[in-house]
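**Q** Take a look at the following structure, please.
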Protein chains: 2
Amino acid sequence: MIEIADTKTRILDTAERLFGQKGFEATSLRDITAEAQVNLAAVNYHFQSKDSLMDAVIARRVDPVNQKRLEMLDAAGPDPTVEQVLTAFLEPVFDIQLECAAPLVGRILSNPNLFLDRMYKRHFQIISERFRAAMIRALPGAPVADILWGQMFTVGAMTQLMALSQILPAITGGVCDMSDRPAVVARAVRFLAAGFRAGANGSELNKELRCAG
Amino acid sequence: MIEIADTKTRILDTAERLFGQKGFEATSLRDITAEAQVNLAAVNYHFQSKDSLMDAVIARRVDPVNQKRLEMLDAAGPDPTVEQVLTAFLEPVFDIQLECAAPLVGRILSNPNLFLDRMYKRHFQIISERFRAAMIRALPGAPVADILWGQMFTVGAMTQLMALSQILPAITGGVCDMSDRPAVVARAVRFLAAGFRAGANGSELNKELRCAG
DNA sequence: GTCTATAGGTTGATAGAC
DNA sequence: GTCTATCAACCTATAGAC
């Protein structure tokens, strides 16, 4: 038996898909209610405004991902490897339905002001700090600046894959796609782990930034 | 003596800034003409539509960057190092005025459909192919898939830095910023070069994808 | 080239019946 | 909770005077 989702869930599902496909500003509430087959006024009843609807769409996907990340990080123990830290950070992201949430997250991430106020401080700051602490334990003695820059590159690579997952085959002649997600995660982890280790290997650039101990 | 830019240039400058700050759909032509202190109808006179204005804004920044990229790639000779290829790809990007163009490019990059049709095919496809060929010469025998995935991670890291350049200090406790751009480029090149070499070092994952020769 | 004026359409949000 | 009807504001694009 197929359970028809209730109005609130149908609005969330449709808003998620359309925000991702067309962007927040380019998606009207009428676009959403037409596809979700609900009444226009239902949006303002269940959510207060278009902005609040956006927040609800985000939180529904991000919160479980972050919970899984922290579980995996805890499971890796007090002295994780670089690969364990990166896998705990990346794998839960690619467990979600990318075709829905990916362009959305990619778009939000690329809007600095919206990202800082409505995403980073609310959902990502604590995660970022936990993973930074874990990576410092995985790379003892590495300059903190190297870890931080590495985190930027890591988030960038992750975001790029999510944002472009739809068109990945089109721009790589069919060579790259997201069909085998564990393999993609493994590939990203291997690439990024090498970068983190190279950043911490004592090049001239970093000598003066090295942390004590 | 201060030369006041002409109407067309003032529109381009203002549109670039506002598209970057607020996004394409969220920026009205009235926002642009008000700040540029030009008449609303001047936009439709000099450019035909809002879409064409966007294209003009993009082309003005992207074309010189791509020209510089190809010059640097040619200067590296027929057998460049991984670092030379990466530097030729990244350095010209960070020569442009990031505070204007960065959020714009980041946002466009994160919209898959808009990116594919209006950006990738028009401005980036030929560049991507040239750099892929150069990287294959820098890493002979590496699987093409590794090169392609590496390119994705590279573009992601670059885009992340451009998109978040404004708020980089805010999310790193002041440790990371874009003030020393050559150092940032050097850091990215070192991180990414290690990733490319790790991707091509013959892990189990890639054995079956290895190219002949 | 630059302006005013306006056409023609869409938007987010709400009031009020049921 | 769900609907209809509607408001006030905003938008892009263009016509036509100068």
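Chains: A, B, ... in order of the structure tokens. Residues: from 1 per chain. Ligands: from 1, in order shown.
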So that I can check the surroundings of Ala56 (chain A), please list as a list in words every protein, DNA and RNA residue that reaches within 10 Å of it, counting only C-alpha atoms (C1' of nucleotides) and ignoring chain neighbours fewer than 3 positions away.
**A** Leu12, Ala15, Glu16, Phe47, Lys50, Asp51, Ser52, Leu53, Ala59, Arg60 and Arg61 of chain A
**Q** Mind dumping the selected residues with C-alpha atoms as a compact mmCIF listing (two decimals), in the first residue's frame?
**A**
```txt
# COMPACT_ATOMS: atom_id res chain seq x y z
CA LEU A 12 9.11 19.98 1.93
CA ALA A 15 10.54 22.70 -2.23
CA GLU A 16 13.78 20.77 -1.78
CA PHE A 47 5.63 27.28 7.52
CA LYS A 50 9.34 31.31 2.25
CA ASP A 51 12.51 31.91 4.29
CA SER A 52 11.34 29.62 7.08
CA LEU A 53 10.45 26.98 4.51
CA ALA A 59 17.56 21.21 8.58
CA ARG A 60 15.74 18.06 7.53
CA ARG A 61 18.76 16.88 5.51
```
**Q** With 12 Å as the cut-off and only C-alpha atoms (C1' of nucleotides) counted, what is the closest atom pair between each nearby residue of chain B and chain D? Distances in Å to one decimal, ordered by chain and number, as a tab-separated table.
**A**
```
residue	atom	partner	partner_atom	distance
B:Glu25	CA	D:DC11	C1'	10.7
B:Ala26	CA	D:DC11	C1'	10.8
B:Thr27	CA	D:DC11	C1'	10.5
B:Ser28	CA	D:DC11	C1'	7.5
B:Leu29	CA	D:DT12	C1'	8.1
B:Arg30	CA	D:DC11	C1'	9.1
B:Asp31	CA	D:DC11	C1'	11.3
B:Leu40	CA	D:DA13	C1'	10.3
B:Ala41	CA	D:DA13	C1'	8.8
B:Ala42	CA	D:DA13	C1'	11.6
B:Val43	CA	D:DA13	C1'	10.3
B:Asn44	CA	D:DA13	C1'	7.7
B:Tyr45	CA	D:DT14	C1'	10.5
B:Phe47	CA	D:DA13	C1'	12.0
B:Gln48	CA	D:DA13	C1'	9.5
B:Ser49	CA	D:DA13	C1'	8.1
B:Lys50	CA	D:DT12	C1'	8.1
B:Asp51	CA	D:DT12	C1'	10.9
```
**Q** Return chain B as a PDB file with C-alpha atoms, in the first residue's frame, after superposing it on chain A by a least-squares fit that covers all C-alpha atoms paired in order.
**A**
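Just written: selection08.pdb:
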```
ATOM      1  CA  MET B   1       0.028   0.071  -0.504  1.00  0.00           C
ATOM      2  CA  ILE B   2       1.267   3.498  -1.382  1.00  0.00           C
ATOM      3  CA  GLU B   3       1.002   6.014   1.405  1.00  0.00           C
ATOM      4  CA  ILE B   4       0.403   9.526   0.120  1.00  0.00           C
ATOM      5  CA  ALA B   5       2.594  11.911   2.087  1.00  0.00           C
ATOM      6  CA  ASP B   6       0.811  14.603   4.055  1.00  0.00           C
ATOM      7  CA  THR B   7       0.689  18.221   2.987  1.00  0.00           C
ATOM      8  CA  LYS B   8       3.641  19.362   5.084  1.00  0.00           C
ATOM      9  CA  THR B   9       5.908  16.601   3.782  1.00  0.00           C
ATOM     10  CA  ARG B  10       4.827  17.120   0.185  1.00  0.00           C
ATOM     11  CA  ILE B  11       5.701  20.802   0.490  1.00  0.00           C
ATOM     12  CA  LEU B  12       9.111  19.962   1.949  1.00  0.00           C
ATOM     13  CA  ASP B  13       9.859  17.388  -0.754  1.00  0.00           C
ATOM     14  CA  THR B  14       8.825  19.657  -3.600  1.00  0.00           C
ATOM     15  CA  ALA B  15      10.542  22.724  -2.189  1.00  0.00           C
ATOM     16  CA  GLU B  16      13.755  20.756  -1.791  1.00  0.00           C
ATOM     17  CA  ARG B  17      13.671  19.631  -5.391  1.00  0.00           C
ATOM     18  CA  LEU B  18      12.759  23.007  -6.884  1.00  0.00           C
ATOM     19  CA  PHE B  19      15.134  25.041  -4.716  1.00  0.00           C
ATOM     20  CA  GLY B  20      17.864  22.713  -5.881  1.00  0.00           C
ATOM     21  CA  GLN B  21      16.899  22.828  -9.533  1.00  0.00           C
ATOM     22  CA  LYS B  22      16.149  26.515  -9.921  1.00  0.00           C
ATOM     23  CA  GLY B  23      17.490  28.211  -6.823  1.00  0.00           C
ATOM     24  CA  PHE B  24      15.767  29.844  -3.886  1.00  0.00           C
ATOM     25  CA  GLU B  25      14.888  33.210  -5.385  1.00  0.00           C
ATOM     26  CA  ALA B  26      13.904  31.763  -8.762  1.00  0.00           C
ATOM     27  CA  THR B  27      11.440  29.342  -7.163  1.00  0.00           C
ATOM     28  CA  SER B  28       8.093  30.873  -6.250  1.00  0.00           C
ATOM     29  CA  LEU B  29       5.734  29.480  -3.677  1.00  0.00           C
ATOM     30  CA  ARG B  30       3.313  28.988  -6.553  1.00  0.00           C
ATOM     31  CA  ASP B  31       5.820  26.748  -8.310  1.00  0.00           C
ATOM     32  CA  ILE B  32       6.009  24.648  -5.179  1.00  0.00           C
ATOM     33  CA  THR B  33       2.309  24.462  -4.400  1.00  0.00           C
ATOM     34  CA  ALA B  34       1.440  23.668  -8.012  1.00  0.00           C
ATOM     35  CA  GLU B  35       3.799  20.699  -8.183  1.00  0.00           C
ATOM     36  CA  ALA B  36       3.032  19.509  -4.663  1.00  0.00           C
ATOM     37  CA  GLN B  37      -0.681  19.817  -5.428  1.00  0.00           C
ATOM     38  CA  VAL B  38      -1.382  21.743  -2.278  1.00  0.00           C
ATOM     39  CA  ASN B  39      -2.939  25.121  -1.730  1.00  0.00           C
ATOM     40  CA  LEU B  40      -0.809  28.230  -1.737  1.00  0.00           C
ATOM     41  CA  ALA B  41      -1.925  29.258   1.731  1.00  0.00           C
ATOM     42  CA  ALA B  42      -0.868  25.901   3.161  1.00  0.00           C
ATOM     43  CA  VAL B  43       2.744  26.991   2.921  1.00  0.00           C
ATOM     44  CA  ASN B  44       2.166  29.964   5.148  1.00  0.00           C
ATOM     45  CA  TYR B  45       0.128  27.841   7.517  1.00  0.00           C
ATOM     46  CA  HIS B  46       2.651  25.031   8.018  1.00  0.00           C
ATOM     47  CA  PHE B  47       5.728  27.221   7.654  1.00  0.00           C
ATOM     48  CA  GLN B  48       5.580  30.915   8.418  1.00  0.00           C
ATOM     49  CA  SER B  49       7.385  32.296   5.406  1.00  0.00           C
ATOM     50  CA  LYS B  50       9.427  31.320   2.387  1.00  0.00           C
ATOM     51  CA  ASP B  51      12.609  31.853   4.408  1.00  0.00           C
ATOM     52  CA  SER B  52      11.446  29.542   7.176  1.00  0.00           C
ATOM     53  CA  LEU B  53      10.507  26.928   4.603  1.00  0.00           C
ATOM     54  CA  MET B  54      14.066  27.041   3.314  1.00  0.00           C
ATOM     55  CA  ASP B  55      15.417  26.562   6.830  1.00  0.00           C
ATOM     56  CA  ALA B  56      13.152  23.559   7.341  1.00  0.00           C
ATOM     57  CA  VAL B  57      14.280  22.031   4.037  1.00  0.00           C
ATOM     58  CA  ILE B  58      17.927  22.383   5.028  1.00  0.00           C
ATOM     59  CA  ALA B  59      17.579  21.108   8.583  1.00  0.00           C
ATOM     60  CA  ARG B  60      15.744  17.968   7.489  1.00  0.00           C
ATOM     61  CA  ARG B  61      18.769  16.814   5.453  1.00  0.00           C
ATOM     62  CA  VAL B  62      21.697  18.283   7.347  1.00  0.00           C
ATOM     63  CA  ASP B  63      20.884  17.188  10.877  1.00  0.00           C
ATOM     64  CA  PRO B  64      20.949  13.410  10.226  1.00  0.00           C
ATOM     65  CA  VAL B  65      24.164  13.775   8.213  1.00  0.00           C
ATOM     66  CA  ASN B  66      25.892  15.596  11.047  1.00  0.00           C
ATOM     67  CA  GLN B  67      24.677  13.054  13.582  1.00  0.00           C
ATOM     68  CA  LYS B  68      26.115  10.224  11.476  1.00  0.00           C
ATOM     69  CA  ARG B  69      29.378  12.117  11.097  1.00  0.00           C
ATOM     70  CA  LEU B  70      29.842  12.432  14.837  1.00  0.00           C
ATOM     71  CA  GLU B  71      28.945   8.769  15.360  1.00  0.00           C
ATOM     72  CA  MET B  72      31.592   7.690  12.859  1.00  0.00           C
ATOM     73  CA  LEU B  73      34.145  10.030  14.378  1.00  0.00           C
ATOM     74  CA  ASP B  74      33.468   8.637  17.854  1.00  0.00           C
ATOM     75  CA  ALA B  75      33.715   5.103  16.511  1.00  0.00           C
ATOM     76  CA  ALA B  76      37.190   5.852  15.188  1.00  0.00           C
ATOM     77  CA  GLY B  77      38.448   6.331  18.739  1.00  0.00           C
ATOM     78  CA  PRO B  78      40.654   9.001  20.324  1.00  0.00           C
ATOM     79  CA  ASP B  79      43.518   8.639  17.840  1.00  0.00           C
ATOM     80  CA  PRO B  80      41.988   8.302  14.376  1.00  0.00           C
ATOM     81  CA  THR B  81      43.903   8.115  11.114  1.00  0.00           C
ATOM     82  CA  VAL B  82      43.643  10.863   8.513  1.00  0.00           C
ATOM     83  CA  GLU B  83      41.603   8.479   6.388  1.00  0.00           C
ATOM     84  CA  GLN B  84      39.187   7.734   9.221  1.00  0.00           C
ATOM     85  CA  VAL B  85      38.602  11.420   9.877  1.00  0.00           C
ATOM     86  CA  LEU B  86      37.999  12.173   6.204  1.00  0.00           C
ATOM     87  CA  THR B  87      35.714   9.182   5.747  1.00  0.00           C
ATOM     88  CA  ALA B  88      33.640  10.154   8.777  1.00  0.00           C
ATOM     89  CA  PHE B  89      33.263  13.630   7.319  1.00  0.00           C
ATOM     90  CA  LEU B  90      32.469  12.652   3.725  1.00  0.00           C
ATOM     91  CA  GLU B  91      30.641   9.335   3.731  1.00  0.00           C
ATOM     92  CA  PRO B  92      27.412  10.444   5.469  1.00  0.00           C
ATOM     93  CA  VAL B  93      27.014  13.255   2.953  1.00  0.00           C
ATOM     94  CA  PHE B  94      26.878  10.842   0.057  1.00  0.00           C
ATOM     95  CA  ASP B  95      24.328   8.644   1.787  1.00  0.00           C
ATOM     96  CA  ILE B  96      21.581  11.206   1.309  1.00  0.00           C
ATOM     97  CA  GLN B  97      19.586  11.483  -1.899  1.00  0.00           C
ATOM     98  CA  LEU B  98      22.042  13.514  -3.911  1.00  0.00           C
ATOM     99  CA  GLU B  99      19.711  14.205  -6.787  1.00  0.00           C
ATOM    100  CA  CYS B 100      17.523  16.225  -4.450  1.00  0.00           C
ATOM    101  CA  ALA B 101      19.741  17.869  -1.885  1.00  0.00           C
ATOM    102  CA  ALA B 102      23.032  18.202  -3.716  1.00  0.00           C
ATOM    103  CA  PRO B 103      22.412  21.226  -5.941  1.00  0.00           C
ATOM    104  CA  LEU B 104      20.654  22.857  -3.028  1.00  0.00           C
ATOM    105  CA  VAL B 105      23.561  22.498  -0.646  1.00  0.00           C
ATOM    106  CA  GLY B 106      25.990  23.465  -3.351  1.00  0.00           C
ATOM    107  CA  ARG B 107      24.093  26.604  -4.129  1.00  0.00           C
ATOM    108  CA  ILE B 108      23.743  27.636  -0.505  1.00  0.00           C
ATOM    109  CA  LEU B 109      27.406  26.978   0.123  1.00  0.00           C
ATOM    110  CA  SER B 110      28.302  29.265  -2.716  1.00  0.00           C
ATOM    111  CA  ASN B 111      26.401  32.240  -1.289  1.00  0.00           C
ATOM    112  CA  PRO B 112      28.820  33.578   1.331  1.00  0.00           C
ATOM    113  CA  ASN B 113      26.459  35.648   3.401  1.00  0.00           C
ATOM    114  CA  LEU B 114      23.548  33.253   3.369  1.00  0.00           C
ATOM    115  CA  PHE B 115      25.926  30.429   4.121  1.00  0.00           C
ATOM    116  CA  LEU B 116      27.568  32.128   7.065  1.00  0.00           C
ATOM    117  CA  ASP B 117      24.392  33.213   8.813  1.00  0.00           C
ATOM    118  CA  ARG B 118      21.891  30.498   8.047  1.00  0.00           C
ATOM    119  CA  MET B 119      24.098  27.466   7.490  1.00  0.00           C
ATOM    120  CA  TYR B 120      27.569  27.637   8.974  1.00  0.00           C
ATOM    121  CA  LYS B 121      26.814  29.001  12.416  1.00  0.00           C
ATOM    122  CA  ARG B 122      23.669  26.931  12.755  1.00  0.00           C
ATOM    123  CA  HIS B 123      24.711  23.561  11.363  1.00  0.00           C
ATOM    124  CA  PHE B 124      28.410  23.387  10.517  1.00  0.00           C
ATOM    125  CA  GLN B 125      30.472  25.305  13.041  1.00  0.00           C
ATOM    126  CA  ILE B 126      30.407  22.629  15.725  1.00  0.00           C
ATOM    127  CA  ILE B 127      31.076  19.901  13.142  1.00  0.00           C
ATOM    128  CA  SER B 128      33.985  21.836  11.707  1.00  0.00           C
ATOM    129  CA  GLU B 129      35.552  22.265  15.125  1.00  0.00           C
ATOM    130  CA  ARG B 130      35.132  18.599  16.030  1.00  0.00           C
ATOM    131  CA  PHE B 131      36.780  17.486  12.791  1.00  0.00           C
ATOM    132  CA  ARG B 132      39.565  20.021  13.128  1.00  0.00           C
ATOM    133  CA  ALA B 133      40.361  18.631  16.581  1.00  0.00           C
ATOM    134  CA  ALA B 134      40.299  15.078  15.240  1.00  0.00           C
ATOM    135  CA  MET B 135      42.566  15.962  12.323  1.00  0.00           C
ATOM    136  CA  ILE B 136      45.034  17.622  14.673  1.00  0.00           C
ATOM    137  CA  ARG B 137      45.217  14.328  16.603  1.00  0.00           C
ATOM    138  CA  ALA B 138      45.666  12.440  13.327  1.00  0.00           C
ATOM    139  CA  LEU B 139      48.509  14.757  12.262  1.00  0.00           C
ATOM    140  CA  PRO B 140      50.309  15.676  15.484  1.00  0.00           C
ATOM    141  CA  GLY B 141      52.630  18.651  15.107  1.00  0.00           C
ATOM    142  CA  ALA B 142      51.030  19.847  11.887  1.00  0.00           C
ATOM    143  CA  PRO B 143      50.470  23.612  11.645  1.00  0.00           C
ATOM    144  CA  VAL B 144      46.892  24.518  12.475  1.00  0.00           C
ATOM    145  CA  ALA B 145      46.829  26.695   9.357  1.00  0.00           C
ATOM    146  CA  ASP B 146      47.550  23.620   7.237  1.00  0.00           C
ATOM    147  CA  ILE B 147      44.643  21.790   8.833  1.00  0.00           C
ATOM    148  CA  LEU B 148      42.313  24.734   8.273  1.00  0.00           C
ATOM    149  CA  TRP B 149      43.294  25.211   4.629  1.00  0.00           C
ATOM    150  CA  GLY B 150      42.958  21.473   4.144  1.00  0.00           C
ATOM    151  CA  GLN B 151      39.455  21.631   5.543  1.00  0.00           C
ATOM    152  CA  MET B 152      38.604  24.313   2.968  1.00  0.00           C
ATOM    153  CA  PHE B 153      39.918  22.157   0.132  1.00  0.00           C
ATOM    154  CA  THR B 154      38.012  19.164   1.529  1.00  0.00           C
ATOM    155  CA  VAL B 155      34.705  21.001   1.748  1.00  0.00           C
ATOM    156  CA  GLY B 156      35.335  22.377  -1.739  1.00  0.00           C
ATOM    157  CA  ALA B 157      35.916  18.958  -3.261  1.00  0.00           C
ATOM    158  CA  MET B 158      32.849  17.578  -1.506  1.00  0.00           C
ATOM    159  CA  THR B 159      30.676  20.479  -2.560  1.00  0.00           C
ATOM    160  CA  GLN B 160      31.865  20.245  -6.136  1.00  0.00           C
ATOM    161  CA  LEU B 161      30.875  16.596  -6.337  1.00  0.00           C
ATOM    162  CA  MET B 162      27.463  17.289  -4.830  1.00  0.00           C
ATOM    163  CA  ALA B 163      26.768  20.356  -6.921  1.00  0.00           C
ATOM    164  CA  LEU B 164      27.862  18.831 -10.210  1.00  0.00           C
ATOM    165  CA  SER B 165      26.704  15.265  -9.606  1.00  0.00           C
ATOM    166  CA  GLN B 166      23.951  15.691 -12.202  1.00  0.00           C
ATOM    167  CA  ILE B 167      26.262  16.766 -14.991  1.00  0.00           C
ATOM    168  CA  LEU B 168      29.381  14.810 -14.005  1.00  0.00           C
ATOM    169  CA  PRO B 169      29.035  12.327 -16.881  1.00  0.00           C
ATOM    170  CA  ALA B 170      28.389  15.154 -19.344  1.00  0.00           C
ATOM    171  CA  ILE B 171      31.615  16.993 -18.515  1.00  0.00           C
ATOM    172  CA  THR B 172      33.851  13.913 -18.250  1.00  0.00           C
ATOM    173  CA  GLY B 173      32.800  12.064 -21.363  1.00  0.00           C
ATOM    174  CA  GLY B 174      31.002   9.503 -19.213  1.00  0.00           C
ATOM    175  CA  VAL B 175      34.144   8.539 -17.273  1.00  0.00           C
ATOM    176  CA  CYS B 176      33.019   9.972 -13.923  1.00  0.00           C
ATOM    177  CA  ASP B 177      29.662   9.450 -12.263  1.00  0.00           C
ATOM    178  CA  MET B 178      28.257   9.013  -8.782  1.00  0.00           C
ATOM    179  CA  SER B 179      26.751   5.560  -9.299  1.00  0.00           C
ATOM    180  CA  ASP B 180      29.295   3.792  -7.064  1.00  0.00           C
ATOM    181  CA  ARG B 181      29.245   6.114  -4.102  1.00  0.00           C
ATOM    182  CA  PRO B 182      31.527   4.124  -1.774  1.00  0.00           C
ATOM    183  CA  ALA B 183      34.173   4.121  -4.534  1.00  0.00           C
ATOM    184  CA  VAL B 184      33.799   7.875  -4.974  1.00  0.00           C
ATOM    185  CA  VAL B 185      34.184   8.433  -1.240  1.00  0.00           C
ATOM    186  CA  ALA B 186      37.255   6.181  -1.168  1.00  0.00           C
ATOM    187  CA  ARG B 187      38.738   8.081  -4.081  1.00  0.00           C
ATOM    188  CA  ALA B 188      38.139  11.461  -2.454  1.00  0.00           C
ATOM    189  CA  VAL B 189      39.556  10.247   0.858  1.00  0.00           C
ATOM    190  CA  ARG B 190      42.729   8.994  -0.800  1.00  0.00           C
ATOM    191  CA  PHE B 191      43.226  12.218  -2.772  1.00  0.00           C
ATOM    192  CA  LEU B 192      42.568  14.497   0.192  1.00  0.00           C
ATOM    193  CA  ALA B 193      44.570  12.436   2.709  1.00  0.00           C
ATOM    194  CA  ALA B 194      47.626  12.827   0.500  1.00  0.00           C
ATOM    195  CA  GLY B 195      47.015  16.573   0.424  1.00  0.00           C
ATOM    196  CA  PHE B 196      46.750  16.793   4.205  1.00  0.00           C
ATOM    197  CA  ARG B 197      49.984  14.851   4.653  1.00  0.00           C
ATOM    198  CA  ALA B 198      51.788  16.977   2.057  1.00  0.00           C
ATOM    199  CA  GLY B 199      50.608  20.114   3.820  1.00  0.00           C
ATOM    200  CA  ALA B 200      52.091  18.917   7.084  1.00  0.00           C
ATOM    201  CA  ASN B 201      55.416  17.624   5.813  1.00  0.00           C
ATOM    202  CA  GLY B 202      57.557  20.623   6.688  1.00  0.00           C
ATOM    203  CA  SER B 203      57.873  22.643   3.488  1.00  0.00           C
ATOM    204  CA  GLU B 204      59.578  26.031   3.651  1.00  0.00           C
ATOM    205  CA  LEU B 205      56.235  27.749   3.421  1.00  0.00           C
ATOM    206  CA  ASN B 206      55.094  26.447   6.767  1.00  0.00           C
ATOM    207  CA  LYS B 207      58.198  26.486   8.920  1.00  0.00           C
ATOM    208  CA  GLU B 208      57.239  29.689  10.672  1.00  0.00           C
ATOM    209  CA  LEU B 209      53.690  28.542  11.298  1.00  0.00           C
ATOM    210  CA  ARG B 210      54.540  25.224  12.913  1.00  0.00           C
ATOM    211  CA  CYS B 211      52.856  24.646  16.258  1.00  0.00           C
ATOM    212  CA  ALA B 212      54.889  23.795  19.300  1.00  0.00           C
ATOM    213  CA  GLY B 213      54.799  20.112  20.281  1.00  0.00           C
TER     214      GLY B 213
END
```
**Q** Mind checking DSSP for region 6-209 of chain A and telling me the helix (DSSP H, G or I) residues as a ChimeraX atom specification?
**A** /A:7-22,29-36,40-46,50-75,82-95,98-109,112-138,144-171,181-199,204-209
**Q** Could you build a table of the residues in chain C lying no more than 9 Å from chain A, giving for each the nearest pair of atoms and their separation in Å rounded to one decimal place, using only C-alpha atoms (C1' of nucleotides), ordered by chain and ascending residue number, as JSON lines?
**A**
```
{"residue": "C:DT11", "atom": "C1'", "partner": "A:Ser28", "partner_atom": "CA", "distance": 7.4}
{"residue": "C:DG12", "atom": "C1'", "partner": "A:Lys50", "partner_atom": "CA", "distance": 7.9}
{"residue": "C:DA13", "atom": "C1'", "partner": "A:Asn44", "partner_atom": "CA", "distance": 7.7}
{"residue": "C:DT14", "atom": "C1'", "partner": "A:Ala41", "partner_atom": "CA", "distance": 8.7}
```
**Q** Restrict the selected residues to N, CA and C atoms (P, O5', C5', C4', C3', O3' and C1' of nucleotides) and save them as an mmCIF file, in the first residue's frame.
**A**
```
data_model
loop_
_atom_site.group_PDB
_atom_site.id
_atom_site.type_symbol
_atom_site.label_atom_id
_atom_site.label_comp_id
_atom_site.auth_asym_id
_atom_site.auth_seq_id
_atom_site.Cartn_x
_atom_site.Cartn_y
_atom_site.Cartn_z
ATOM 1 P P DT C 11 5.502 33.607 -10.090
ATOM 2 O "O5'" DT C 11 5.768 34.460 -8.783
ATOM 3 C "C5'" DT C 11 6.971 35.225 -8.665
ATOM 4 C "C4'" DT C 11 6.872 36.156 -7.482
ATOM 5 C "C3'" DT C 11 6.369 35.499 -6.209
ATOM 6 O "O3'" DT C 11 7.453 34.977 -5.489
ATOM 7 C "C1'" DT C 11 5.384 37.675 -6.560
ATOM 8 P P DG C 12 7.214 33.876 -4.365
ATOM 9 O "O5'" DG C 12 6.803 34.754 -3.101
ATOM 10 C "C5'" DG C 12 7.734 35.675 -2.566
ATOM 11 C "C4'" DG C 12 7.111 36.442 -1.422
ATOM 12 C "C3'" DG C 12 6.646 35.577 -0.240
ATOM 13 O "O3'" DG C 12 6.962 36.226 0.986
ATOM 14 C "C1'" DG C 12 4.791 36.754 -1.146
ATOM 15 P P DA C 13 6.584 35.505 2.369
ATOM 16 O "O5'" DA C 13 5.148 36.081 2.704
ATOM 17 C "C5'" DA C 13 4.985 37.484 2.820
ATOM 18 C "C4'" DA C 13 3.512 37.826 2.975
ATOM 19 C "C3'" DA C 13 2.798 37.067 4.106
ATOM 20 O "O3'" DA C 13 2.373 37.992 5.092
ATOM 21 C "C1'" DA C 13 1.499 37.116 2.098
ATOM 22 P P DT C 14 1.707 37.388 6.442
ATOM 23 O "O5'" DT C 14 0.155 37.649 6.197
ATOM 24 C "C5'" DT C 14 -0.231 38.895 5.617
ATOM 25 C "C4'" DT C 14 -1.695 38.890 5.265
ATOM 26 C "C3'" DT C 14 -2.620 38.253 6.306
ATOM 27 O "O3'" DT C 14 -3.730 39.118 6.498
ATOM 28 C "C1'" DT C 14 -3.087 37.376 4.195
#
```
